[in-house]
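Source file: entry20.txt. Holds: compact mmCIF, C-alpha atoms.
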```txt
# COMPACT_ATOMS: atom_id res chain seq x y z
CA MET A 1 107.35 107.89 153.80
CA SER A 2 108.49 104.48 152.70
CA ARG A 3 107.28 102.83 149.58
CA ARG A 4 105.21 100.33 151.53
CA GLU A 5 103.45 103.06 153.48
CA ARG A 6 102.69 104.92 150.25
CA GLU A 7 101.20 101.78 148.71
CA GLN A 8 99.10 101.13 151.81
CA GLU A 9 97.84 104.71 151.72
CA LYS A 10 96.88 104.37 148.04
CA SER A 11 94.99 101.11 148.61
CA GLY A 12 93.21 102.69 151.57
CA GLU A 13 92.09 105.56 149.39
CA ARG A 14 90.93 103.15 146.73
CA ASN A 15 88.90 101.20 149.29
CA LYS A 16 87.29 104.40 150.55
CA GLN A 17 86.45 105.42 146.98
CA HIS A 18 84.92 102.00 146.34
CA GLU A 19 82.81 102.22 149.50
CA THR A 20 81.60 105.71 148.52
CA GLU A 21 80.63 104.43 145.10
CA LEU A 22 78.72 101.55 146.62
CA GLN A 23 76.89 103.90 148.96
CA ASP A 24 76.01 106.23 146.05
CA GLU A 25 74.74 103.31 144.04
CA GLU A 26 72.61 102.13 146.94
CA GLN A 27 71.13 105.60 147.44
CA PHE A 28 70.40 105.90 143.69
CA ARG A 29 68.68 102.51 143.71
CA GLN A 30 66.56 103.46 146.73
CA LEU A 31 65.53 106.80 145.21
CA LEU A 32 64.92 105.84 141.60
CA GLY A 33 65.09 102.06 141.40
CA VAL A 34 61.36 101.40 141.36
CA HIS A 35 60.69 104.12 138.78
CA LEU A 36 63.51 102.92 136.53
CA GLU A 37 62.21 99.37 136.62
CA LYS A 38 58.73 100.57 135.70
CA TRP A 39 60.11 102.59 132.84
CA ASP A 40 62.25 99.67 131.59
CA SER A 41 59.33 97.26 131.67
CA GLY A 42 57.26 99.78 129.71
CA ILE A 43 59.93 100.18 127.01
CA GLU A 44 61.29 96.66 126.69
CA PRO A 45 58.98 93.98 125.36
CA GLY A 46 58.70 90.81 127.37
CA ILE A 47 61.03 88.04 126.19
CA PRO A 48 58.89 85.08 125.10
CA THR A 49 59.56 81.75 126.73
CA ASP A 50 60.80 78.70 124.85
CA GLU A 51 57.37 77.07 125.13
CA ALA A 52 55.70 80.14 123.63
CA MET A 53 58.15 80.15 120.69
CA MET A 54 57.67 76.43 120.07
CA ALA A 55 53.89 76.82 120.24
CA LEU A 56 54.14 79.65 117.70
CA VAL A 57 56.23 77.51 115.34
CA ARG A 58 53.94 74.50 115.78
CA GLY A 59 50.87 76.64 115.09
CA HIS A 60 52.44 78.12 111.97
CA LYS A 61 53.46 74.67 110.68
CA GLN A 62 49.96 73.33 111.30
CA GLU A 63 48.41 76.30 109.49
CA THR A 64 50.77 75.86 106.52
CA ARG A 65 50.03 72.14 106.34
CA GLU A 66 46.26 72.72 106.40
CA ARG A 67 46.50 75.41 103.72
CA PHE A 68 48.55 73.05 101.53
CA ARG A 69 46.04 70.22 102.03
CA ARG A 70 43.15 72.50 101.02
CA GLU A 71 45.00 73.61 97.92
CA LEU A 72 45.88 70.01 97.03
CA LEU A 73 42.22 68.98 97.35
CA LEU A 74 41.22 71.87 95.12
CA PHE A 75 43.87 70.80 92.62
CA TRP A 76 42.56 67.22 92.63
CA LEU A 77 39.03 68.48 92.05
CA VAL A 78 40.17 70.55 89.08
CA SER A 79 42.24 67.58 87.84
CA ILE A 80 39.18 65.33 87.86
CA PHE A 81 37.35 67.83 85.67
CA VAL A 82 40.31 68.16 83.32
CA LEU A 83 40.79 64.40 83.07
CA SER A 84 37.08 63.83 82.50
CA GLY A 85 37.08 66.49 79.80
CA MET A 86 40.08 64.91 78.08
CA PHE A 87 38.51 61.45 78.30
CA LEU A 88 35.21 62.63 76.81
CA LEU A 89 37.10 64.44 74.06
CA TRP A 90 39.04 61.26 73.27
CA MET A 91 35.83 59.23 73.16
CA ASN A 92 34.06 61.69 70.86
CA SER A 93 36.81 62.72 68.49
CA VAL A 94 40.36 61.39 68.48
CA VAL A 95 41.42 64.05 65.94
CA LEU A 96 40.24 66.88 68.18
CA PHE A 97 41.94 65.19 71.10
CA ALA A 98 45.22 65.07 69.16
CA VAL A 99 44.86 68.75 68.21
CA VAL A 100 44.27 69.74 71.84
CA GLN A 101 47.29 67.67 72.89
CA ALA A 102 49.46 69.36 70.25
CA ILE A 103 48.31 72.80 71.42
CA ALA A 104 48.98 71.82 75.03
CA VAL A 105 52.50 70.68 74.10
CA ALA A 106 53.19 73.94 72.27
CA VAL A 107 51.82 76.11 75.07
CA GLY A 108 53.62 74.09 77.73
CA VAL A 109 56.96 74.23 75.93
CA ILE A 110 56.65 77.99 75.32
CA VAL A 111 55.69 78.73 78.94
CA ALA A 112 58.37 76.41 80.31
CA GLY A 113 60.93 78.02 78.03
CA GLY A 114 59.84 81.43 79.26
CA LEU A 115 60.24 80.27 82.86
CA ALA A 116 63.73 78.97 82.11
CA ILE A 117 64.73 82.28 80.50
CA ALA A 118 63.22 84.26 83.38
CA LYS A 119 65.11 82.08 85.85
CA LYS A 120 68.33 82.58 83.89
CA HIS A 121 67.92 86.39 83.96
CA GLN A 122 67.08 86.32 87.65
CA GLY A 123 70.20 84.30 88.33
CA GLU A 124 72.41 86.75 86.44
CA GLY A 125 70.76 89.68 88.22
CA ARG A 126 71.36 88.06 91.58
CA ARG A 127 75.04 87.51 90.82
CA HIS A 128 75.57 91.07 89.70
CA ARG A 129 73.84 92.42 92.80
CA TRP A 130 75.67 90.44 95.43
CA SER A 131 78.99 89.54 93.95
CA GLY A 132 79.96 92.69 92.10
CA GLY A 133 79.25 91.14 88.72
CA LYS A 134 81.83 88.35 89.09
CA MET B 135 39.20 44.17 73.02
CA VAL B 136 37.20 46.40 75.31
CA GLY B 137 39.04 45.01 78.32
CA TRP B 138 42.49 46.20 77.25
CA LYS B 139 41.10 49.62 76.34
CA ILE B 140 39.70 50.01 79.83
CA ALA B 141 43.01 48.86 81.28
CA VAL B 142 44.89 51.43 79.16
CA VAL B 143 42.53 54.20 80.24
CA ILE B 144 42.81 53.27 83.90
CA GLY B 145 46.58 53.01 83.61
CA ALA B 146 46.79 56.40 81.91
CA VAL B 147 44.59 57.99 84.56
CA ILE B 148 46.73 56.57 87.35
CA VAL B 149 49.98 57.66 85.71
CA LEU B 150 48.71 61.16 84.93
CA PHE B 151 47.23 61.58 88.40
CA CYS B 152 50.45 60.49 90.12
CA GLN B 153 52.58 62.64 87.83
CA SER B 154 50.47 65.74 88.31
CA SER B 155 50.23 65.27 92.08
CA TRP B 156 53.98 64.87 92.39
CA LEU B 157 54.62 67.86 90.13
CA PHE B 158 52.19 70.03 92.08
CA THR B 159 53.58 69.02 95.47
CA ASP B 160 57.20 69.41 94.43
CA ALA B 161 56.61 72.65 92.55
CA LYS B 162 55.05 74.08 95.71
CA LYS B 163 58.46 73.80 97.35
CA HIS B 164 60.74 74.67 94.42
CA SER B 165 58.82 76.77 91.94
CA ARG B 166 56.49 79.74 91.80
CA TYR B 167 54.04 78.08 89.43
CA PRO B 168 52.80 74.79 90.95
CA TRP B 169 49.42 75.03 89.24
CA PHE B 170 51.01 75.32 85.81
CA TRP B 171 53.19 72.24 86.35
CA GLY B 172 50.37 70.28 87.96
CA LEU B 173 47.86 70.97 85.22
CA TRP B 174 50.34 70.34 82.41
CA GLY B 175 51.29 67.11 84.16
CA MET B 176 47.61 66.18 84.23
CA ILE B 177 47.30 66.49 80.45
CA GLN B 178 50.50 64.88 79.21
CA PHE B 179 53.23 62.41 80.05
CA PRO B 180 56.27 62.50 80.24
CA LEU B 181 57.10 65.90 78.70
CA PRO B 182 56.03 68.02 81.72
CA LEU B 183 58.11 65.85 84.04
CA ILE B 184 61.19 66.14 81.81
CA PHE B 185 60.86 69.91 81.48
CA TYR B 186 60.24 70.30 85.21
CA LEU B 187 63.30 68.29 86.15
CA LEU B 188 65.47 70.15 83.67
CA ILE B 189 64.26 73.66 84.42
CA VAL B 190 63.32 73.66 88.09
CA ARG B 191 65.26 70.85 89.74
CA VAL B 192 68.47 70.52 87.75
CA GLY B 193 68.57 74.17 86.74
CA TRP B 194 69.77 73.61 83.22
CA SER B 195 69.86 77.35 82.51
CA ASP B 196 71.92 77.91 85.68
CA MET B 197 74.33 75.16 84.63
CA LYS B 198 74.89 76.93 81.34
CA ILE B 199 75.72 80.15 83.18
CA ARG B 200 78.12 78.37 85.50
CA LYS B 201 79.90 76.72 82.58
CA GLY B 202 80.12 80.09 80.89
CA ILE B 203 78.03 79.10 77.86
```
Hey, can you dump this file as structure tokens for me?
Amino acid sequence: MSRREREQEKSGERNKQHETELQDEEQFRQLLGVHLEKWDSGIEPGIPTDEAMMALVRGHKQETRERFRRELLLFWLVSIFVLSGMFLLWMNSVVLFAVVQAIAVAVGVIVAGGLAIAKKHQGEGRRHRWSGGK
Amino acid sequence: MVGWKIAVVIGAVIVLFCQSSWLFTDAKKHSRYPWFWGLWGMIQFPLPLIFYLLIVRVGWSDMKIRKGI
């Protein structure tokens, strides 16, 4: 048998094999295709559409904005009380007002210093955790 | 005499209100304690603003670490 004939025989066999595989695949799909699709749809969650994702993001942004506005209004309400209290204190007794201011400075500086130290320690901790302490 | 006192009070109220509102709003994005900064900013000026900028925004303590101090 010449080389050409051998090559033709091999390609013929390959074609037959390919056809058999296609037939097997078709049979498999006919027998189990519907059941497999049902099973897949039961396991896999539906992929949300772009519109659904954008609506989700928009809704979340709106909710966050409204929550922030409510908190800001509450803050302004509290601020009005604080300012009124400070004003009345100033009108009644300047000395007491000065004492309260001094205490507020001391407390503020101590708390702010504590925050700075806490932030410094957090920063060091973060570096050690993620960068091997470098 | 009374007129300039009223003007000073109104000016102080405006300044403190603006400072505290800005501190509260900004601290909401960059800090865990917006109420602390907002209320301190409501009582005094300009110390809370200076401390906030140094500690939260500029990260003075982080700068010291980076410089190896």
Kindly assemble as JSON lines a list of the chain B residues that lie within 9 Å of chain A, each paired with its nearest atom pair and their distance in Å to one decimal, using only C-alpha atoms, sorted first by chain and then by ascending residue number.
```
{"residue": "B:Val143", "atom": "CA", "partner": "A:Phe87", "partner_atom": "CA", "distance": 8.5}
{"residue": "B:Val147", "atom": "CA", "partner": "A:Leu83", "partner_atom": "CA", "distance": 7.6}
{"residue": "B:Leu150", "atom": "CA", "partner": "A:Leu83", "partner_atom": "CA", "distance": 8.8}
{"residue": "B:Phe151", "atom": "CA", "partner": "A:Ser79", "partner_atom": "CA", "distance": 7.8}
{"residue": "B:Ser154", "atom": "CA", "partner": "A:Ser79", "partner_atom": "CA", "distance": 8.4}
{"residue": "B:Ser155", "atom": "CA", "partner": "A:Trp76", "partner_atom": "CA", "distance": 7.9}
{"residue": "B:Phe158", "atom": "CA", "partner": "A:Leu72", "partner_atom": "CA", "distance": 8.0}
{"residue": "B:Thr159", "atom": "CA", "partner": "A:Leu72", "partner_atom": "CA", "distance": 7.9}
{"residue": "B:Lys162", "atom": "CA", "partner": "A:Phe68", "partner_atom": "CA", "distance": 8.8}
{"residue": "B:Trp169", "atom": "CA", "partner": "A:Phe75", "partner_atom": "CA", "distance": 7.8}
{"residue": "B:Phe170", "atom": "CA", "partner": "A:Gly108", "partner_atom": "CA", "distance": 8.6}
{"residue": "B:Trp171", "atom": "CA", "partner": "A:Gly108", "partner_atom": "CA", "distance": 8.8}
{"residue": "B:Gly172", "atom": "CA", "partner": "A:Phe75", "partner_atom": "CA", "distance": 8.0}
{"residue": "B:Leu173", "atom": "CA", "partner": "A:Ser79", "partner_atom": "CA", "distance": 7.1}
{"residue": "B:Trp174", "atom": "CA", "partner": "A:Gly108", "partner_atom": "CA", "distance": 6.8}
{"residue": "B:Met176", "atom": "CA", "partner": "A:Ser79", "partner_atom": "CA", "distance": 6.6}
{"residue": "B:Ile177", "atom": "CA", "partner": "A:Leu83", "partner_atom": "CA", "distance": 7.3}
{"residue": "B:Gln178", "atom": "CA", "partner": "A:Gln101", "partner_atom": "CA", "distance": 7.6}
{"residue": "B:Leu181", "atom": "CA", "partner": "A:Val105", "partner_atom": "CA", "distance": 8.1}
{"residue": "B:Pro182", "atom": "CA", "partner": "A:Gly108", "partner_atom": "CA", "distance": 7.7}
{"residue": "B:Phe185", "atom": "CA", "partner": "A:Ala112", "partner_atom": "CA", "distance": 7.1}
{"residue": "B:Tyr186", "atom": "CA", "partner": "A:Ala112", "partner_atom": "CA", "distance": 8.1}
{"residue": "B:Ile189", "atom": "CA", "partner": "A:Ala116", "partner_atom": "CA", "distance": 5.8}
{"residue": "B:Val190", "atom": "CA", "partner": "A:Ala116", "partner_atom": "CA", "distance": 8.0}
{"residue": "B:Gly193", "atom": "CA", "partner": "A:Ala116", "partner_atom": "CA", "distance": 8.2}
{"residue": "B:Trp194", "atom": "CA", "partner": "A:Ala116", "partner_atom": "CA", "distance": 8.2}
{"residue": "B:Ser195", "atom": "CA", "partner": "A:Lys120", "partner_atom": "CA", "distance": 5.6}
{"residue": "B:Asp196", "atom": "CA", "partner": "A:Lys120", "partner_atom": "CA", "distance": 6.2}
{"residue": "B:Ile199", "atom": "CA", "partner": "A:Lys120", "partner_atom": "CA", "distance": 7.8}
```
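Computed from the coordinates, the atom CA of B:Ser165 to atom CA of A:Gly114 distance equals 13.5 Å.
Coordinates place atom CA of A:Glu5 at a distance of 28.6 Å from atom CA of A:Asp24.
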**Asked** What gap, in Å, lies between atom CA of B:Leu157 and atom CA of B:Ile184?
**Response** 10.7 Å
Written-out stretch 154-190 of chain B (N, CA, C and O atoms) as an mmCIF file, in the first residue's frame:
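Ended up saving to out.cif:
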```cif
data_model
loop_
_atom_site.group_PDB
_atom_site.id
_atom_site.type_symbol
_atom_site.label_atom_id
_atom_site.label_comp_id
_atom_site.auth_asym_id
_atom_site.auth_seq_id
_atom_site.Cartn_x
_atom_site.Cartn_y
_atom_site.Cartn_z
ATOM 1 N N SER B 154 -18.616 72.720 61.400
ATOM 2 C CA SER B 154 -19.098 71.437 61.916
ATOM 3 C C SER B 154 -19.775 70.623 60.809
ATOM 4 O O SER B 154 -19.596 69.406 60.728
ATOM 5 N N SER B 155 -20.512 71.282 59.941
ATOM 6 C CA SER B 155 -21.172 70.556 58.848
ATOM 7 C C SER B 155 -20.139 69.941 57.917
ATOM 8 O O SER B 155 -20.267 68.779 57.513
ATOM 9 N N TRP B 156 -19.114 70.724 57.580
ATOM 10 C CA TRP B 156 -18.071 70.206 56.703
ATOM 11 C C TRP B 156 -17.321 69.048 57.367
ATOM 12 O O TRP B 156 -17.060 68.026 56.742
ATOM 13 N N LEU B 157 -16.999 69.222 58.650
ATOM 14 C CA LEU B 157 -16.286 68.166 59.373
ATOM 15 C C LEU B 157 -17.126 66.886 59.419
ATOM 16 O O LEU B 157 -16.621 65.793 59.179
ATOM 17 N N PHE B 158 -18.399 67.022 59.734
ATOM 18 C CA PHE B 158 -19.274 65.859 59.810
ATOM 19 C C PHE B 158 -19.371 65.146 58.465
ATOM 20 O O PHE B 158 -19.225 63.921 58.377
ATOM 21 N N THR B 159 -19.596 65.936 57.414
ATOM 22 C CA THR B 159 -19.766 65.347 56.074
ATOM 23 C C THR B 159 -18.479 64.673 55.601
ATOM 24 O O THR B 159 -18.514 63.562 55.077
ATOM 25 N N ASP B 160 -17.354 65.350 55.817
ATOM 26 C CA ASP B 160 -16.087 64.779 55.367
ATOM 27 C C ASP B 160 -15.680 63.582 56.202
ATOM 28 O O ASP B 160 -15.159 62.588 55.687
ATOM 29 N N ALA B 161 -15.915 63.681 57.520
ATOM 30 C CA ALA B 161 -15.552 62.574 58.410
ATOM 31 C C ALA B 161 -16.391 61.328 58.115
ATOM 32 O O ALA B 161 -15.958 60.206 58.377
ATOM 33 N N LYS B 162 -17.570 61.532 57.575
ATOM 34 C CA LYS B 162 -18.403 60.380 57.183
ATOM 35 C C LYS B 162 -17.700 59.537 56.119
ATOM 36 O O LYS B 162 -17.847 58.322 56.063
ATOM 37 N N LYS B 163 -16.926 60.219 55.267
ATOM 38 C CA LYS B 163 -16.242 59.499 54.184
ATOM 39 C C LYS B 163 -14.874 58.989 54.603
ATOM 40 O O LYS B 163 -14.396 57.988 54.077
ATOM 41 N N HIS B 164 -14.194 59.711 55.522
ATOM 42 C CA HIS B 164 -12.792 59.389 55.795
ATOM 43 C C HIS B 164 -12.499 58.935 57.209
ATOM 44 O O HIS B 164 -11.369 58.564 57.490
ATOM 45 N N SER B 165 -13.463 58.985 58.082
ATOM 46 C CA SER B 165 -13.162 58.654 59.476
ATOM 47 C C SER B 165 -14.287 57.809 60.050
ATOM 48 O O SER B 165 -15.396 57.756 59.498
ATOM 49 N N ARG B 166 -13.980 57.158 61.174
ATOM 50 C CA ARG B 166 -15.003 56.347 61.832
ATOM 51 C C ARG B 166 -15.811 57.129 62.860
ATOM 52 O O ARG B 166 -16.762 56.617 63.421
ATOM 53 N N TYR B 167 -15.389 58.365 63.118
ATOM 54 C CA TYR B 167 -16.041 59.123 64.203
ATOM 55 C C TYR B 167 -16.584 60.458 63.720
ATOM 56 O O TYR B 167 -16.142 61.505 64.189
ATOM 57 N N PRO B 168 -17.510 60.521 62.799
ATOM 58 C CA PRO B 168 -18.001 61.799 62.286
ATOM 59 C C PRO B 168 -18.703 62.639 63.343
ATOM 60 O O PRO B 168 -18.592 63.871 63.329
ATOM 61 N N TRP B 169 -19.394 61.981 64.271
ATOM 62 C CA TRP B 169 -20.093 62.732 65.312
ATOM 63 C C TRP B 169 -19.118 63.459 66.227
ATOM 64 O O TRP B 169 -19.361 64.609 66.615
ATOM 65 N N PHE B 170 -18.014 62.800 66.544
ATOM 66 C CA PHE B 170 -17.018 63.450 67.404
ATOM 67 C C PHE B 170 -16.483 64.694 66.735
ATOM 68 O O PHE B 170 -16.458 65.802 67.298
ATOM 69 N N TRP B 171 -16.073 64.577 65.459
ATOM 70 C CA TRP B 171 -15.505 65.729 64.757
ATOM 71 C C TRP B 171 -16.540 66.831 64.560
ATOM 72 O O TRP B 171 -16.245 68.023 64.716
ATOM 73 N N GLY B 172 -17.769 66.417 64.246
ATOM 74 C CA GLY B 172 -18.825 67.406 64.025
ATOM 75 C C GLY B 172 -19.157 68.186 65.282
ATOM 76 O O GLY B 172 -19.255 69.418 65.254
ATOM 77 N N LEU B 173 -19.278 67.473 66.389
ATOM 78 C CA LEU B 173 -19.642 68.161 67.638
ATOM 79 C C LEU B 173 -18.491 69.023 68.160
ATOM 80 O O LEU B 173 -18.716 70.128 68.663
ATOM 81 N N TRP B 174 -17.266 68.534 68.047
ATOM 82 C CA TRP B 174 -16.129 69.349 68.465
ATOM 83 C C TRP B 174 -16.037 70.611 67.581
ATOM 84 O O TRP B 174 -15.753 71.699 68.057
ATOM 85 N N GLY B 175 -16.307 70.405 66.288
ATOM 86 C CA GLY B 175 -16.288 71.540 65.367
ATOM 87 C C GLY B 175 -17.402 72.536 65.632
ATOM 88 O O GLY B 175 -17.327 73.690 65.238
ATOM 89 N N MET B 176 -18.449 72.075 66.312
ATOM 90 C CA MET B 176 -19.559 72.960 66.660
ATOM 91 C C MET B 176 -19.200 73.833 67.860
ATOM 92 O O MET B 176 -19.735 74.912 68.040
ATOM 93 N N ILE B 177 -18.290 73.360 68.684
ATOM 94 C CA ILE B 177 -17.972 74.083 69.922
ATOM 95 C C ILE B 177 -16.817 75.059 69.732
ATOM 96 O O ILE B 177 -16.808 76.133 70.338
ATOM 97 N N GLN B 178 -15.855 74.682 68.909
ATOM 98 C CA GLN B 178 -14.639 75.500 68.788
ATOM 99 C C GLN B 178 -14.211 75.706 67.358
ATOM 100 O O GLN B 178 -14.587 74.954 66.469
ATOM 101 N N PHE B 179 -13.378 76.723 67.194
ATOM 102 C CA PHE B 179 -12.774 77.028 65.886
ATOM 103 C C PHE B 179 -11.424 77.689 66.158
ATOM 104 O O PHE B 179 -11.334 78.585 67.009
ATOM 105 N N PRO B 180 -10.335 77.364 65.448
ATOM 106 C CA PRO B 180 -10.210 76.384 64.357
ATOM 107 C C PRO B 180 -9.509 75.090 64.756
ATOM 108 O O PRO B 180 -9.102 74.330 63.884
ATOM 109 N N LEU B 181 -9.373 74.852 66.077
ATOM 110 C CA LEU B 181 -8.602 73.681 66.530
ATOM 111 C C LEU B 181 -9.121 72.340 65.962
ATOM 112 O O LEU B 181 -8.323 71.518 65.508
ATOM 113 N N PRO B 182 -10.445 72.097 66.002
ATOM 114 C CA PRO B 182 -10.932 70.823 65.458
ATOM 115 C C PRO B 182 -10.573 70.643 63.991
ATOM 116 O O PRO B 182 -10.205 69.536 63.564
ATOM 117 N N LEU B 183 -10.661 71.714 63.232
ATOM 118 C CA LEU B 183 -10.345 71.643 61.797
ATOM 119 C C LEU B 183 -8.874 71.290 61.586
ATOM 120 O O LEU B 183 -8.545 70.421 60.760
ATOM 121 N N ILE B 184 -7.992 71.933 62.367
ATOM 122 C CA ILE B 184 -6.554 71.682 62.245
ATOM 123 C C ILE B 184 -6.240 70.225 62.586
ATOM 124 O O ILE B 184 -5.538 69.531 61.849
ATOM 125 N N PHE B 185 -6.783 69.775 63.711
ATOM 126 C CA PHE B 185 -6.530 68.393 64.136
ATOM 127 C C PHE B 185 -7.080 67.392 63.117
ATOM 128 O O PHE B 185 -6.442 66.391 62.809
ATOM 129 N N TYR B 186 -8.277 67.686 62.595
ATOM 130 C CA TYR B 186 -8.889 66.790 61.624
ATOM 131 C C TYR B 186 -8.025 66.672 60.369
ATOM 132 O O TYR B 186 -7.758 65.581 59.871
ATOM 133 N N LEU B 187 -7.584 67.826 59.888
ATOM 134 C CA LEU B 187 -6.765 67.810 58.666
ATOM 135 C C LEU B 187 -5.446 67.065 58.899
ATOM 136 O O LEU B 187 -5.017 66.288 58.049
ATOM 137 N N LEU B 188 -4.859 67.290 60.074
ATOM 138 C CA LEU B 188 -3.581 66.640 60.351
ATOM 139 C C LEU B 188 -3.721 65.135 60.553
ATOM 140 O O LEU B 188 -2.924 64.352 60.067
ATOM 141 N N ILE B 189 -4.764 64.749 61.300
ATOM 142 C CA ILE B 189 -4.870 63.345 61.694
ATOM 143 C C ILE B 189 -5.562 62.511 60.618
ATOM 144 O O ILE B 189 -5.099 61.441 60.249
ATOM 145 N N VAL B 190 -6.677 63.000 60.121
ATOM 146 C CA VAL B 190 -7.484 62.173 59.217
ATOM 147 C C VAL B 190 -7.080 62.365 57.755
ATOM 148 O O VAL B 190 -6.874 61.395 57.036
#
```
